Amino acid sequence: MSKREKIIVSAMIFSILLALVYHLWPAVTGQGAKPADQYSGSEKIIQEIAAELKKVSASPTENYVIARAEAAWAKDPFYRKVMPSAPKAGPGGTGGPDIVYSGYVDMGEKKLAVINGSTYRVGEKLDFGSAFFLKSVEPTRVVITDRQNQRNVVIKLKDETF
């Protein structure tokens with residue numbers, strides 16, 4: 001072995017022995033603190049706090065808040081899906097749902113459009129109508145195909161400036 005290898009091996013052995021002595025020394029000599037002795041004072045404090053809390057009664061408002069916090073939620077309060085409104089009558093007598101194009105994402109070859117709060121790719125069927133498909137996506141507009149009425153609908157980007 002070279003001198004360098006001997007130094008590395010001896011340093012490793014020394015580190016292992018030091019770690020063993022450090023971790024085993026209190027267990028061998030019996031000087032380590034026992035968990036029951038270490039926490040005996042805290043149990044008394046916990047019992048005193050529990051007794052004080054039993055003396056104080058919660059108001060009806062606090063009881064209501066606690067009950068509502070523990071109950072299961074009917075729906076996710078942070079989920080917001082924009083649903084289309086009822087069809088509007090147009091000049092031809094037929095109408096379609098309100099369609100809001102609110103976002104554009106360009107990921108190289110994939111282009112995504114945010115329509116009524118949902119994300120769609122070109123060729124995907126839209127959630128709000130069985131005959132609506134996304135035909136093309138551009139930064140300022142989308143083209144939606146209405147296969148039922150055999151027409152294309154152009155929707156411009158909704159500009160939301162804050």
# chains A, B, ... in the order shown; residues from 1 in each chain; ligands from 1
>>> residues_around(residues="Glu109 of chain A", least_positions_apart="3", cutoff="12 Å", atoms="only C-alpha atoms", output="MDAnalysis selection string")
chainID A and resid 105:106 112 121:122 137
>>> atom_distance(atom1="atom CA of Val65 of chain A", atom2="atom CA of Ile45 of chain A")
27.6 Å
>>> atom_distance(atom1="atom CA of Ala131 of chain A", atom2="atom CA of Val154 of chain A")
15.2 Å
>>> atom_distance(atom1="atom CA of Asp159 of chain A", atom2="atom CA of Tyr101 of chain A")
9.2 Å
>>> residues_around(residues="segment 139-153 of chain A", least_positions_apart="6", cutoff="10 Å", atoms="only C-alpha atoms", output="count of residues only")
24
